[in-house]
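*Asks:* Pasting a structure below so you can have a look.
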Amino acid sequence: MTTLIRNLLSSLMIAGIPLAASAPAQEPTVILKSLDNLEKRLGKIEAETGKLKRGAPAPQGAQTPPSDSALQALSGRIDSLLLRTKSLETASQAVKTPATGAGADTIGNDGDAGLVEQIRALTALLKQERTAQIKSAPGTGGKTSAPAPMPAPSSLHAAASALPASGLELKGDIQIQGERKLTTQSNRDNLDDFWGRLNFGAEYNQGDFQSKVNIRIYPEGFGFEPLTGATFDTAGQGSLKVQTQPSSRIVINHAWAKYAVGITKLKVGRFETVETQSENFGNYVDLAPSGKFMSRPAVHNAVELTAPVGPVSGSALIGTNDRKLNRGFLRLYEKYSPIPEVALAVGFRANLFDGFKYPDDETLQRYDANVSWKLPGGWKTFAEAALLQAAGREDDRPLLLGIQPNAGKVLDLLSLEAEWLADRKAAGKPKEWLFNIHARKAAGRFRIDAGCYSDPADADWNAVSFGLRMTSNIK
């Protein structure tokens with residue numbers, strides 16, 4: 001019985017209340033529909049406890065009254081749910097062992113009793129709204145008093161928002177992206193890169209626990225063609241010929257759980273980090289300089305501990321680079337905002353754990369620092385610099401500079417960025433500077449990101465590529 005009562009209480013919070021909280025008081029039929037799943041769960045519990053329930057007094061007035069309005073039907077159904085819940089409580093009390101007090105559990109602790117009281121309050125508010133609606137309806141002939149004033153915000157909405165939310169949310173989108181180099185070369189492909197994918201997952205946030213899972217599915221023929229074979233042509237120039245086969249692909253970029261103990265949070269699993277204001281550059285604590293269009297998230301298999309220390313928000317992450325735990329790294333990142341307009345951050349990462357398994361391996365370190373500043377007039381500027389150690393060559397010292405003008409209502413984002421790297425080479429020639437212009441516009445469930453950016457493989461300073469990503473949210 002204990003488990004069944006707990007399941008009922010979970011159903012009250014998960015199945016019915018969040019949907020009611022999301023609907024405005026002026027549209028009670030939306031809330032009415034949200035009770036369907038709750039009643040099904042309650043009916044199942046009653047069926048499973050049928051033997052116990054037969055010894056309990058039958059609830060009175062549990063039937064829904066004739067529905068002359070959506071509010072009346074909603075009020076009746078919540079009344080019914082309350083009576084049926086109390087019936088289970090009474091049945092539980094009836095079979096409790098008198099000698100020891102052990103046996104079936106009751107709905108009697110503070111949290112459970114509070115939930116029942118909240119349902120009563122919601123029912124009363126529904127009736128109050130219905131009364132106000134009837135009094136204000138035309139044709140009353142002035143025989144009734146003026147309608148009772150409604151609180152602001154709506155009393156129904158306020159009561160619903162006070163109830164505990166489950167925090168479970170499904171999310172998903174479809175993304176299509178293409179890239180094209182600007183070149184005068186003839187007889188070439190229409191696009192240099194083209195792919196599509198489906199993102200689908202769920203997020204859960206309840207009290208001191210959070211979790212997220214996101215699966216990326218790339219359909220067959222949309223940019224994933226693994227190598228299936230290779231042959232060497234001995235005739236002519238003796239070229240190597242490879243065979244590929246379009247295949248579907250599934251990638252998991254988020255699968256983690258986060259636990260909170262006070263102000264400290266522990267995150268375990270697979271997740272992304274993005275510590276930059278740019279879509280093409282930056283995030284040097286995890287990634288190399290430059291990059292493809294919108295390619296700056298870094299994925300970790302790791303354990304992360306985060307906690308604020310005064311005005312500083314810090315995180316310590318221990319991650320692995322292989323499934324046998326032979327290689328691993330330590331990542332530290334600290335954020336500080338002295339005033340609301342300015343944000344500072346510093347990061348450190350090093351493969352400190354590789355030496356335990358491979359003593360001859362070199363320990364490589366990365367140092368990253370960035371600052372962003374909100375300017376008057378809705379403008380924003382940012383900068384990021386890093387020192388990145390690399391095996392067998394000089395350290396990289398990239399510098400990112402960017403500014404985001406106020407694009408008004410025309411665009412949601414306009415970002416002008418440049419990355420400097422002293423020893424960068426393209427086709428054997430120096431190419432110290434790369435540029436990027438990124439624009440974003442959203443309309444309802446649809447969003448488009450467009451970019452014009454330097455081609456890091458072409459030595460000419462004005463060699464650029466165009467990128468376009470279209471995102472359609474399905475949840």
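Identifiers in this document derive from the order of the structure tokens: chains are assigned A, B, ..., residues are numbered from 1 separately in each chain, and ligands are numbered from 1 in order of occurrence.
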May I have the residues within 8 Å of Gln243 of chain A as a list in words, using only C-alpha atoms and disregarding those fewer than 6 positions away in the same chain?
*Replies:*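 Surrounding residues, per the criterion: Leu227, Thr228, Gly229 and Ala230 of chain A.
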*Asks:* Could you give me, as a PyMOL selection string, the residues within 7 Å of segment 291-295 of chain A, counting only C-alpha atoms and dropping anything in the same chain fewer than 4 positions from it?
*Replies:* chain A and resi 279-281+467
*Asks:* Taking only C-alpha atoms into account, which of A:Pro405, A:Pro308, A:Pro376, A:Gly328 comes nearest Glu341 of chain A?
*Replies:*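 That would be A:Pro376, the residue with the smallest distance to Glu341 of chain A.
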*Asks:* Nearest residue to Pro359 of chain A out of A:Arg180, A:Arg327, A:Arg469, A:His254, using only C-alpha atoms?
*Replies:*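 The shortest atom-to-atom distance to Pro359 of chain A comes from A:Arg327.
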*Asks:* Could you state the separation of atom CA of Gly282 of chain A and atom CA of Trp379 of chain A in Å, given to one decimal place?
*Replies:*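 Computing it gives 19.6 Å between the two atoms.
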*Asks:* Between atom CA of Asn205 of chain A and atom CA of Arg84 of chain A, what distance in Å does the model show, to one decimal?
*Replies:*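 Separation between atom CA of Asn205 of chain A and atom CA of Arg84 of chain A: 29.1 Å.
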*Asks:* Out of A:Ser454, A:Gln404, A:Asn473, A:Thr264, which residue has the shortest atom-to-atom distance to Ser315 of chain A when counting only C-alpha atoms?
*Replies:*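 Among the listed residues, the smallest separation from Ser315 of chain A belongs to A:Thr264.
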*Asks:* Can you work out the spacing between atom CA of Val303 of chain A and atom CA of Arg249 of chain A in Å, to one decimal?
*Replies:*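 These atoms are spaced 26.2 Å apart.
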*Asks:* Compare A:Lys258, A:Arg331, A:Lys429, A:Lys171 by their minimum atom-to-atom distance to Phe353 of chain A, counting only C-alpha atoms, and give me the closest one.
*Replies:* A:Arg331
*Asks:* Restricting the calculation to only C-alpha atoms: of A:Ile474, A:Val342, A:Val242, A:Leu434, which residue gets closest to Ala459 of chain A?
*Replies:*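 Closest residue, counting only C-alpha atoms: A:Leu434.
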*Asks:* Run DSSP on the backbone of this structure and report the residues of segment 247-384 of chain A it assigns to strand (DSSP E), as number ranges by chain.
*Replies:* A: 249-261, 264-273, 298-309, 312-320, 328-339, 342-350, 365-374, 380-384
*Asks:* Would you list the contacts of Lys380 of chain A as a list of chain:residue names, taking every protein, DNA or RNA residue within 12 Å and counting only C-alpha atoms, but skipping same-chain residues closer than 5 positions in sequence?
*Replies:*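 With the cut-off at 12 Å, the set is A:Gln277, A:Glu341, A:Val342, A:Ala343, A:Val371, A:Ser372, A:Trp373, A:Lys374, A:Leu375, A:Leu401, A:Gly402, A:Ile403, A:Gln404, A:Pro405, A:Asn406, A:Ala407, A:Leu413, A:Leu414, A:Ser415, A:Leu416, A:Glu417.
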*Asks:* Okay, now the selection with N, CA and C atoms, as a short mmCIF file (atom, residue, chain, number, x, y, z; two decimals), in the first residue's frame?
*Replies:*
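Contents of selection.cif, freshly written:
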```cif
data_model
loop_
_atom_site.label_atom_id
_atom_site.label_comp_id
_atom_site.auth_asym_id
_atom_site.auth_seq_id
_atom_site.Cartn_x
_atom_site.Cartn_y
_atom_site.Cartn_z
N GLN A 277 32.03 33.36 -26.67
CA GLN A 277 30.93 34.13 -27.25
C GLN A 277 30.82 33.91 -28.75
N GLU A 341 27.67 44.39 -15.88
CA GLU A 341 28.01 44.58 -17.30
C GLU A 341 29.28 43.84 -17.72
N VAL A 342 30.07 43.37 -16.78
CA VAL A 342 31.36 42.76 -17.10
C VAL A 342 31.42 41.34 -16.55
N ALA A 343 31.90 40.41 -17.37
CA ALA A 343 32.10 39.03 -16.96
C ALA A 343 33.52 38.60 -17.31
N VAL A 371 36.94 37.77 -21.49
CA VAL A 371 36.19 38.86 -20.88
C VAL A 371 35.10 39.29 -21.85
N SER A 372 33.94 39.63 -21.31
CA SER A 372 32.86 40.20 -22.12
C SER A 372 32.31 41.42 -21.40
N TRP A 373 31.90 42.41 -22.17
CA TRP A 373 31.50 43.70 -21.61
C TRP A 373 30.29 44.21 -22.38
N LYS A 374 29.18 44.43 -21.66
CA LYS A 374 27.98 44.99 -22.26
C LYS A 374 28.10 46.50 -22.31
N LEU A 375 28.08 47.05 -23.52
CA LEU A 375 28.25 48.48 -23.74
C LEU A 375 26.90 49.19 -23.76
N LEU A 401 38.91 38.40 -30.88
CA LEU A 401 38.31 39.71 -30.63
C LEU A 401 36.94 39.75 -31.32
N GLY A 402 35.94 40.30 -30.63
CA GLY A 402 34.62 40.33 -31.23
C GLY A 402 33.77 41.48 -30.71
N ILE A 403 32.80 41.84 -31.51
CA ILE A 403 31.84 42.86 -31.10
C ILE A 403 30.48 42.48 -31.66
N GLN A 404 29.44 42.71 -30.87
CA GLN A 404 28.07 42.40 -31.27
C GLN A 404 27.24 43.68 -31.23
N PRO A 405 26.99 44.28 -32.39
CA PRO A 405 26.19 45.51 -32.43
C PRO A 405 24.74 45.24 -32.03
N ASN A 406 24.05 46.30 -31.71
CA ASN A 406 22.62 46.20 -31.44
C ASN A 406 21.90 46.09 -32.77
N ALA A 407 21.37 44.91 -33.06
CA ALA A 407 20.71 44.67 -34.34
C ALA A 407 19.24 45.02 -34.31
N LEU A 413 20.76 38.28 -33.36
CA LEU A 413 22.19 38.35 -33.06
C LEU A 413 22.95 38.73 -34.31
N LEU A 414 23.91 39.65 -34.17
CA LEU A 414 24.88 39.97 -35.21
C LEU A 414 26.23 40.06 -34.53
N SER A 415 27.19 39.23 -34.95
CA SER A 415 28.49 39.15 -34.29
C SER A 415 29.59 39.25 -35.33
N LEU A 416 30.53 40.18 -35.10
CA LEU A 416 31.70 40.37 -35.96
C LEU A 416 32.92 39.95 -35.17
N GLU A 417 33.69 38.99 -35.69
CA GLU A 417 34.76 38.37 -34.91
C GLU A 417 36.02 38.20 -35.75
#
```
*Asks:* Of the candidates A:Ser239, A:Asn326, A:Thr381, A:Gln177, which one gets nearest to Ile448 of chain A if we count only C-alpha atoms?
*Replies:*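 Counting only C-alpha atoms, the residue closest to Ile448 of chain A is A:Gln177.
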*Asks:* With only C-alpha atoms as the counted atoms, please give the residues lying no more than 10 Å from Gly269 of chain A, apart from itself and same-chain residues fewer than 2 positions off, as a PDB file with N, CA and C atoms, in the first residue's frame.
*Replies:*
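Once everything was written out, this is selection_10.pdb:
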```
ATOM      1  N   SER A 211      18.755  16.266 -14.711  1.00  0.00           N
ATOM      2  CA  SER A 211      19.260  15.275 -15.653  1.00  0.00           C
ATOM      3  C   SER A 211      18.914  15.698 -17.073  1.00  0.00           C
ATOM      4  N   LYS A 212      19.733  15.266 -18.027  1.00  0.00           N
ATOM      5  CA  LYS A 212      19.481  15.576 -19.430  1.00  0.00           C
ATOM      6  C   LYS A 212      20.020  14.456 -20.307  1.00  0.00           C
ATOM      7  N   VAL A 213      19.235  14.094 -21.313  1.00  0.00           N
ATOM      8  CA  VAL A 213      19.648  13.131 -22.329  1.00  0.00           C
ATOM      9  C   VAL A 213      19.298  13.720 -23.681  1.00  0.00           C
ATOM     10  N   HIS A 254      24.617  14.440 -24.888  1.00  0.00           N
ATOM     11  CA  HIS A 254      24.268  14.719 -23.492  1.00  0.00           C
ATOM     12  C   HIS A 254      23.644  13.472 -22.879  1.00  0.00           C
ATOM     13  N   ALA A 255      24.173  13.041 -21.767  1.00  0.00           N
ATOM     14  CA  ALA A 255      23.583  11.958 -20.978  1.00  0.00           C
ATOM     15  C   ALA A 255      24.172  12.074 -19.577  1.00  0.00           C
ATOM     16  N   TRP A 256      23.568  12.936 -18.761  1.00  0.00           N
ATOM     17  CA  TRP A 256      24.177  13.235 -17.474  1.00  0.00           C
ATOM     18  C   TRP A 256      23.123  13.421 -16.392  1.00  0.00           C
ATOM     19  N   ALA A 257      23.597  13.337 -15.160  1.00  0.00           N
ATOM     20  CA  ALA A 257      22.783  13.585 -13.977  1.00  0.00           C
ATOM     21  C   ALA A 257      23.555  14.525 -13.058  1.00  0.00           C
ATOM     22  N   LYS A 258      22.819  15.451 -12.426  1.00  0.00           N
ATOM     23  CA  LYS A 258      23.442  16.429 -11.539  1.00  0.00           C
ATOM     24  C   LYS A 258      22.743  16.401 -10.183  1.00  0.00           C
ATOM     25  N   LYS A 267      28.063  16.735 -11.136  1.00  0.00           N
ATOM     26  CA  LYS A 267      27.539  16.351 -12.441  1.00  0.00           C
ATOM     27  C   LYS A 267      28.311  15.151 -12.959  1.00  0.00           C
ATOM     28  N   PHE A 271      28.574  15.296 -21.414  1.00  0.00           N
ATOM     29  CA  PHE A 271      27.953  16.605 -21.594  1.00  0.00           C
ATOM     30  C   PHE A 271      28.874  17.526 -22.379  1.00  0.00           C
ATOM     31  N   HIS A 300      32.522  16.020 -23.198  1.00  0.00           N
ATOM     32  CA  HIS A 300      33.351  15.341 -22.203  1.00  0.00           C
ATOM     33  C   HIS A 300      32.615  14.120 -21.646  1.00  0.00           C
ATOM     34  N   ASN A 301      33.371  13.091 -21.331  1.00  0.00           N
ATOM     35  CA  ASN A 301      32.912  12.014 -20.456  1.00  0.00           C
ATOM     36  C   ASN A 301      33.587  12.265 -19.121  1.00  0.00           C
ATOM     37  N   ALA A 302      32.833  12.749 -18.144  1.00  0.00           N
ATOM     38  CA  ALA A 302      33.509  13.344 -17.001  1.00  0.00           C
ATOM     39  C   ALA A 302      32.635  13.375 -15.754  1.00  0.00           C
ATOM     40  N   VAL A 303      33.290  13.767 -14.682  1.00  0.00           N
ATOM     41  CA  VAL A 303      32.649  14.102 -13.413  1.00  0.00           C
ATOM     42  C   VAL A 303      33.034  15.540 -13.105  1.00  0.00           C
ATOM     43  N   GLU A 304      32.030  16.390 -12.825  1.00  0.00           N
ATOM     44  CA  GLU A 304      32.283  17.811 -12.607  1.00  0.00           C
ATOM     45  C   GLU A 304      31.672  18.253 -11.280  1.00  0.00           C
ATOM     46  N   GLY A 319      37.966  14.293 -16.499  1.00  0.00           N
ATOM     47  CA  GLY A 319      37.429  13.597 -17.661  1.00  0.00           C
ATOM     48  C   GLY A 319      38.380  12.545 -18.176  1.00  0.00           C
TER      49      GLY A 319
END
```
